[in-house]
>>> print(open('my_file_23.pdb').read())   # PDB, C-alpha atoms
MODEL        1
ATOM      1  CA  MET F 279      40.841 153.582  58.289
ATOM      2  CA  THR F 280      39.304 152.714  54.940
ATOM      3  CA  PRO F 281      35.846 151.091  54.837
ATOM      4  CA  LYS F 282      37.355 147.701  53.915
ATOM      5  CA  GLN F 283      39.824 147.668  56.818
ATOM      6  CA  LYS F 284      38.746 146.089  60.072
ATOM      7  CA  THR F 285      40.053 147.055  63.474
ATOM      8  CA  SER F 286      41.573 143.563  63.702
ATOM      9  CA  ASP F 287      43.791 144.372  60.684
ATOM     10  CA  PHE F 288      45.713 146.747  62.916
ATOM     11  CA  ALA F 289      46.334 144.127  65.592
ATOM     12  CA  SER F 290      47.792 141.343  63.481
ATOM     13  CA  ILE F 291      50.966 139.323  63.523
ATOM     14  CA  TYR F 292      52.418 138.403  60.157
ATOM     15  CA  GLN F 293      54.404 135.185  59.988
ATOM     16  CA  ILE F 294      56.761 135.585  57.057
ATOM     17  CA  LYS F 295      59.388 133.405  55.455
ATOM     18  CA  VAL F 296      62.327 135.260  53.927
ATOM     19  CA  THR F 297      64.406 133.314  51.401
ATOM     20  CA  LEU F 298      67.532 134.616  49.688
ATOM     21  CA  LYS F 299      66.783 133.965  46.023
ATOM     22  CA  GLY F 300      69.293 131.797  44.173
ATOM     23  CA  SER F 301      70.866 130.358  47.320
ATOM     24  CA  LYS F 302      71.464 126.610  47.147
ATOM     25  CA  PRO F 303      70.917 125.139  49.611
ATOM     26  CA  PRO F 304      68.416 127.837  50.601
ATOM     27  CA  ILE F 305      69.315 130.557  53.101
ATOM     28  CA  TRP F 306      66.087 131.489  54.871
ATOM     29  CA  ARG F 307      64.462 132.900  58.017
ATOM     30  CA  ARG F 308      60.959 132.587  59.492
ATOM     31  CA  LEU F 309      59.784 135.634  61.430
ATOM     32  CA  GLU F 310      56.825 137.089  63.220
ATOM     33  CA  VAL F 311      56.363 140.828  62.747
ATOM     34  CA  SER F 312      53.587 143.219  63.676
ATOM     35  CA  GLY F 313      51.140 144.394  61.039
ATOM     36  CA  GLN F 314      51.942 147.862  62.424
ATOM     37  CA  VAL F 315      55.576 147.702  61.295
ATOM     38  CA  THR F 316      56.567 150.209  58.619
ATOM     39  CA  LEU F 317      58.553 148.975  55.657
ATOM     40  CA  ALA F 318      61.462 151.101  56.941
ATOM     41  CA  LYS F 319      61.428 149.157  60.210
ATOM     42  CA  LEU F 320      60.927 145.870  58.350
ATOM     43  CA  HIS F 321      64.128 146.711  56.460
ATOM     44  CA  LYS F 322      65.979 147.011  59.803
ATOM     45  CA  ILE F 323      64.459 143.734  60.998
ATOM     46  CA  LEU F 324      65.540 141.961  57.804
ATOM     47  CA  GLN F 325      69.070 143.366  58.088
ATOM     48  CA  VAL F 326      69.442 141.936  61.602
ATOM     49  CA  THR F 327      67.725 138.667  60.808
ATOM     50  CA  MET F 328      69.672 137.917  57.649
ATOM     51  CA  GLY F 329      72.995 139.175  58.998
ATOM     52  CA  TRP F 330      73.553 142.102  56.632
ATOM     53  CA  THR F 331      75.300 145.297  57.781
ATOM     54  CA  ASP F 332      72.952 147.933  56.271
ATOM     55  CA  SER F 333      75.798 149.292  54.136
ATOM     56  CA  HIS F 334      73.910 149.518  50.845
ATOM     57  CA  LEU F 335      70.703 150.774  49.261
ATOM     58  CA  HIS F 336      67.568 148.657  49.323
ATOM     59  CA  GLN F 337      63.979 148.555  48.105
ATOM     60  CA  PHE F 338      60.767 146.595  48.456
ATOM     61  CA  ILE F 339      58.847 145.623  45.331
ATOM     62  CA  ILE F 340      55.207 144.821  45.965
ATOM     63  CA  GLY F 341      53.329 144.149  42.773
ATOM     64  CA  LYS F 342      54.524 146.906  40.458
ATOM     65  CA  THR F 343      55.135 149.398  43.262
ATOM     66  CA  TYR F 344      58.567 150.246  44.653
ATOM     67  CA  TYR F 345      59.106 151.343  48.258
ATOM     68  CA  GLY F 346      62.356 152.591  49.717
ATOM     69  CA  GLU F 347      64.097 155.849  50.406
ATOM     70  CA  PRO F 348      62.171 158.468  48.394
ATOM     71  CA  GLU F 349      65.230 159.974  46.709
ATOM     72  CA  ASN F 350      66.070 156.635  45.080
ATOM     73  CA  GLU F 351      64.759 155.932  41.613
ATOM     74  CA  SER F 352      64.090 152.444  40.271
ATOM     75  CA  GLY F 353      64.226 152.747  36.515
ATOM     76  CA  SER F 354      61.145 154.587  35.304
ATOM     77  CA  ASN F 355      59.160 153.728  38.424
ATOM     78  CA  ARG F 356      58.726 156.175  41.265
ATOM     79  CA  THR F 357      59.836 154.912  44.658
ATOM     80  CA  PHE F 358      57.375 155.585  47.490
ATOM     81  CA  SER F 359      58.580 156.286  51.008
ATOM     82  CA  GLU F 360      58.958 153.128  53.086
ATOM     83  CA  LYS F 361      58.579 155.260  56.231
ATOM     84  CA  ARG F 362      54.932 155.999  55.540
ATOM     85  CA  VAL F 363      53.634 152.527  54.765
ATOM     86  CA  LYS F 364      52.780 149.857  57.319
ATOM     87  CA  LEU F 365      52.601 146.175  56.494
ATOM     88  CA  HIS F 366      48.852 145.934  57.212
ATOM     89  CA  GLN F 367      48.178 148.756  54.702
ATOM     90  CA  LEU F 368      49.578 146.778  51.776
ATOM     91  CA  PRO F 369      47.501 144.523  49.494
ATOM     92  CA  LEU F 370      48.936 141.385  51.073
ATOM     93  CA  LYS F 371      47.190 138.279  52.321
ATOM     94  CA  GLU F 372      48.287 134.795  53.292
ATOM     95  CA  LYS F 373      50.411 133.182  50.553
ATOM     96  CA  SER F 374      51.228 136.604  49.025
ATOM     97  CA  LYS F 375      54.850 137.143  47.998
ATOM     98  CA  PHE F 376      56.914 140.256  47.501
ATOM     99  CA  LEU F 377      60.578 141.168  47.018
ATOM    100  CA  TYR F 378      63.133 142.868  49.197
ATOM    101  CA  GLU F 379      66.302 143.798  47.321
ATOM    102  CA  TYR F 380      69.447 144.755  49.189
ATOM    103  CA  ASP F 381      72.653 146.102  47.614
ATOM    104  CA  PHE F 382      71.819 147.036  44.032
ATOM    105  CA  GLY F 383      75.359 146.077  42.945
ATOM    106  CA  ASP F 384      75.331 142.539  44.338
ATOM    107  CA  SER F 385      71.529 142.432  43.910
ATOM    108  CA  TRP F 386      70.594 140.292  46.897
ATOM    109  CA  GLU F 387      66.931 139.527  46.227
ATOM    110  CA  HIS F 388      64.851 138.107  49.046
ATOM    111  CA  GLU F 389      61.468 136.545  48.443
ATOM    112  CA  ILE F 390      59.116 137.300  51.318
ATOM    113  CA  LEU F 391      56.177 134.920  51.681
ATOM    114  CA  ILE F 392      53.286 135.807  53.976
ATOM    115  CA  GLU F 393      52.687 132.408  55.600
ATOM    116  CA  LYS F 394      50.065 133.445  58.162
ATOM    117  CA  ILE F 395      48.250 136.519  59.381
ATOM    118  CA  GLN F 396      47.020 135.958  62.909
ATOM    119  CA  PRO F 397      45.604 138.043  65.738
ATOM    120  CA  VAL F 398      47.924 139.384  68.396
ATOM    121  CA  THR F 399      47.902 137.212  71.493
ATOM    122  CA  GLU F 400      48.898 138.160  75.013
ATOM    123  CA  GLY F 401      52.288 136.453  74.662
ATOM    124  CA  SER F 402      53.110 137.984  71.248
ATOM    125  CA  LYS F 403      56.355 139.949  71.247
ATOM    126  CA  PRO F 404      57.269 140.712  67.649
ATOM    127  CA  PRO F 405      59.634 141.029  65.986
ATOM    128  CA  VAL F 406      60.924 137.537  66.632
ATOM    129  CA  CYS F 407      62.793 135.032  64.505
ATOM    130  CA  LEU F 408      61.289 131.553  64.846
ATOM    131  CA  LYS F 409      63.787 129.625  62.757
ATOM    132  CA  GLY F 410      66.390 129.954  60.050
ATOM    133  CA  LYS F 411      68.969 128.080  58.061
ATOM    134  CA  ARG F 412      72.505 128.912  56.994
ATOM    135  CA  ALA F 413      74.734 131.936  57.316
ATOM    136  CA  CYS F 414      74.162 135.063  55.330
ATOM    137  CA  PRO F 415      76.729 135.708  52.576
ATOM    138  CA  LEU F 416      79.418 138.270  53.283
ATOM    139  CA  GLU F 417      78.882 141.858  52.154
ATOM    140  CA  ASP F 418      80.465 142.876  48.829
ATOM    141  CA  ILE F 419      81.212 139.309  47.751
ATOM    142  CA  GLY F 420      79.740 139.738  44.275
ATOM    143  CA  GLY F 421      76.181 138.528  44.612
ATOM    144  CA  ILE F 422      75.005 134.936  44.662
ATOM    145  CA  TRP F 423      77.574 133.933  42.009
ATOM    146  CA  GLY F 424      80.439 135.477  43.956
ATOM    147  CA  TYR F 425      79.238 133.704  47.081
ATOM    148  CA  GLU F 426      79.194 130.346  45.269
ATOM    149  CA  GLU F 427      82.765 130.947  44.081
ATOM    150  CA  PHE F 428      83.759 131.969  47.604
ATOM    151  CA  LEU F 429      82.296 128.754  49.088
ATOM    152  CA  GLU F 430      84.128 126.717  46.464
ATOM    153  CA  ALA F 431      87.428 128.447  47.313
ATOM    154  CA  ILE F 432      87.162 128.046  51.098
ATOM    155  CA  GLY F 433      86.005 124.440  50.747
ATOM    156  CA  ASP F 434      88.997 123.371  48.675
ATOM    157  CA  PRO F 435      92.436 123.739  50.308
ATOM    158  CA  GLU F 436      93.987 123.311  46.836
ATOM    159  CA  HIS F 437      92.031 126.241  45.352
ATOM    160  CA  GLN F 438      94.337 129.115  44.356
ATOM    161  CA  GLU F 439      92.230 131.638  46.349
ATOM    162  CA  HIS F 440      91.650 129.403  49.398
ATOM    163  CA  GLU F 441      94.015 131.210  51.783
ATOM    164  CA  ASP F 442      93.051 134.713  50.612
ATOM    165  CA  MET F 443      89.324 134.017  51.003
ATOM    166  CA  LEU F 444      89.754 132.469  54.463
ATOM    167  CA  GLU F 445      91.816 135.459  55.544
ATOM    168  CA  TRP F 446      89.177 137.852  54.214
ATOM    169  CA  ALA F 447      86.215 135.987  55.756
ATOM    170  CA  GLY F 448      87.903 134.832  58.928
ATOM    171  CA  GLU F 449      89.005 131.309  59.740
ATOM    172  CA  ASP F 450      85.816 130.641  61.705
ATOM    173  CA  PHE F 451      83.350 131.396  58.853
ATOM    174  CA  ASP F 452      80.774 128.594  58.667
ATOM    175  CA  SER F 453      78.265 128.745  55.808
ATOM    176  CA  GLU F 454      75.925 126.406  57.715
ATOM    177  CA  ALA F 455      75.880 128.466  60.927
ATOM    178  CA  PHE F 456      72.811 130.356  62.109
ATOM    179  CA  ASN F 457      72.492 131.653  65.677
ATOM    180  CA  LEU F 458      68.803 132.068  66.525
ATOM    181  CA  GLU F 459      69.461 133.349  70.058
ATOM    182  CA  GLU F 460      71.822 136.047  68.830
ATOM    183  CA  VAL F 461      69.379 137.213  66.155
ATOM    184  CA  ASN F 462      66.534 137.445  68.677
ATOM    185  CA  HIS F 463      68.779 139.317  71.117
ATOM    186  CA  PHE F 464      69.354 142.024  68.477
ATOM    187  CA  LEU F 465      65.698 142.016  67.375
ATOM    188  CA  LYS F 466      64.653 142.887  70.946
ATOM    189  CA  LYS F 467      66.698 146.062  70.623
ATOM    190  CA  ILE F 468      64.710 147.052  67.523
ATOM    191  CA  GLY F 469      61.415 146.253  69.263
TER     192      GLY F 469
ENDMDL
END
>>> encode(input="my_file_23.pdb", output="structure tokens")
Amino acid sequence: MTPKQKTSDFASIYQIKVTLKGSKPPIWRRLEVSGQVTLAKLHKILQVTMGWTDSHLHQFIIGKTYYGEPENESGSNRTFSEKRVKLHQLPLKEKSKFLYEYDFGDSWEHEILIEKIQPVTEGSKPPVCLKGKRACPLEDIGGIWGYEEFLEAIGDPEHQEHEDMLEWAGEDFDSEAFNLEEVNHFLKKIG
């Protein structure tokens, strides 16, 4: 523990809002996570919460520092191991923002806003998703632009790719759907 860290820093709950950058209307989730969570575990939490399949590389960018899998390089910047860094150890406070990028090809950037840092209470059971809006885009759809084109195609029965896109996504795909209970069921398994 460094001299500036208090014991209470270790027993904190971070309320964060995760927003998929460029999504209109916004695709977002509000979560509570422990200050003890490593960035590697936060990655798993974000995958479940957003609806991704963990099929691609990812990284966190906090200030000018990159965290991810150590063998990955981000341009000229060294990537530090996400397994060794806990949320409470980072220079983050309420209203701080940082980036989580998933799938370097499609470049899904998520802005993470620290809304609150609060003490752990007896009823706290992070990780938990408090709220969210809209379905996560499908994997390998071509980034935010590909997703916009996809939504246009499935929303217009006259569109030349309408049938192909519905077949690929499944007839029951609903861009407005978000199942809070299902997300929290899977988050309990991460614990």
>>> resolve_selection(input="my_file_23.pdb", expression="the PyMOL selection byres ((chain F and resi 415-432) around 8)", output="list in words")
Gly300, Ser301, Trp330, Thr331, Gly383, Asp384, Ser385, Trp386, Ala413, Cys414, Gly433, Asp434, Pro435, His437, Gln438, Glu439, His440, Glu441, Met443, Leu444, Ala447 and Ser453 of chain F
>>> write_last_selection(input="my_file_23.pdb", atoms="C-alpha atoms", output="CSV table (one decimal), keeping the file's coordinate frame")
chain,number,residue,atom,x,y,z
F,300,GLY,CA,69.3,131.8,44.2
F,301,SER,CA,70.9,130.4,47.3
F,330,TRP,CA,73.6,142.1,56.6
F,331,THR,CA,75.3,145.3,57.8
F,383,GLY,CA,75.4,146.1,42.9
F,384,ASP,CA,75.3,142.5,44.3
F,385,SER,CA,71.5,142.4,43.9
F,386,TRP,CA,70.6,140.3,46.9
F,413,ALA,CA,74.7,131.9,57.3
F,414,CYS,CA,74.2,135.1,55.3
F,433,GLY,CA,86.0,124.4,50.7
F,434,ASP,CA,89.0,123.4,48.7
F,435,PRO,CA,92.4,123.7,50.3
F,437,HIS,CA,92.0,126.2,45.4
F,438,GLN,CA,94.3,129.1,44.4
F,439,GLU,CA,92.2,131.6,46.3
F,440,HIS,CA,91.6,129.4,49.4
F,441,GLU,CA,94.0,131.2,51.8
F,443,MET,CA,89.3,134.0,51.0
F,444,LEU,CA,89.8,132.5,54.5
F,447,ALA,CA,86.2,136.0,55.8
F,453,SER,CA,78.3,128.7,55.8
>>> atom_distance(input="my_file_23.pdb", atom1="CA of Phe376 in chain F", atom2="CA of Lys319 in chain F")
16.2 Å
>>> residues_around(input="my_file_23.pdb", residues="Trp306 in chain F", least_positions_apart="2", cutoff="8 Å", atoms="all atoms listed in the file", output="list in words")
Lys295, Val296, Thr297, Leu298, Pro304, Arg308, Met328, Gly410, Lys411 and Arg412 of chain F
>>> write_last_selection(input="my_file_23.pdb", atoms="C-alpha atoms", output="short mmCIF file (atom, residue, chain, number, x, y, z; two decimals), in the frame of the given file")
data_model
loop_
_atom_site.label_atom_id
_atom_site.label_comp_id
_atom_site.auth_asym_id
_atom_site.auth_seq_id
_atom_site.Cartn_x
_atom_site.Cartn_y
_atom_site.Cartn_z
CA LYS F 295 59.39 133.40 55.46
CA VAL F 296 62.33 135.26 53.93
CA THR F 297 64.41 133.31 51.40
CA LEU F 298 67.53 134.62 49.69
CA PRO F 304 68.42 127.84 50.60
CA ARG F 308 60.96 132.59 59.49
CA MET F 328 69.67 137.92 57.65
CA GLY F 410 66.39 129.95 60.05
CA LYS F 411 68.97 128.08 58.06
CA ARG F 412 72.50 128.91 56.99
#
>>> residues_around(input="my_file_23.pdb", residues="Tyr292 in chain F", least_positions_apart="2", cutoff="10 Å", atoms="all atoms listed in the file", output="list in words")
Ala289, Ser290, Ile294, Lys295, Leu309, Glu310, Val311, Ser312, Gly313, Gln314, Val315, Leu365, His366, Lys371, Glu372, Leu391, Ile392, Glu393, Lys394, Ile395, Gln396, Pro397, Val398, Pro404 and Pro405 of chain F
>>> closest_residue(input="my_file_23.pdb", among="F:Lys302, F:Thr327, F:Leu465, F:Tyr378", to="Gly341 in chain F", atoms="all atoms listed in the file")
F:Tyr378
>>> atom_distance(input="my_file_23.pdb", atom1="CA of Ile305 in chain F", atom2="CA of Ile323 in chain F")
16.1 Å
>>> closest_residue(input="my_file_23.pdb", among="F:Gly401, F:Lys322, F:Ile291, F:Gly329", to="Gly469 in chain F", atoms="all atoms listed in the file")
F:Lys322
>>> atom_distance(input="my_file_23.pdb", atom1="CA of Gln325 in chain F", atom2="CA of Tyr380 in chain F")
9.0 Å
>>> closest_residue(input="my_file_23.pdb", among="F:Phe451, F:Tyr345, F:Phe464, F:Phe456", to="Lys364 in chain F", atoms="all atoms listed in the file")
F:Tyr345
>>> closest_residue(input="my_file_23.pdb", among="F:Ile340, F:Lys299, F:Val363, F:Arg356", to="Thr316 in chain F", atoms="only C-alpha atoms")
F:Val363
>>> closest_residue(input="my_file_23.pdb", among="F:Gln293, F:Asn462, F:Ser333, F:Thr399", to="Ser374 in chain F", atoms="all atoms listed in the file")
F:Gln293
>>> closest_residue(input="my_file_23.pdb", among="F:Lys375, F:Ile468, F:Asp450, F:His463", to="Ala318 in chain F", atoms="only C-alpha atoms")
F:Ile468
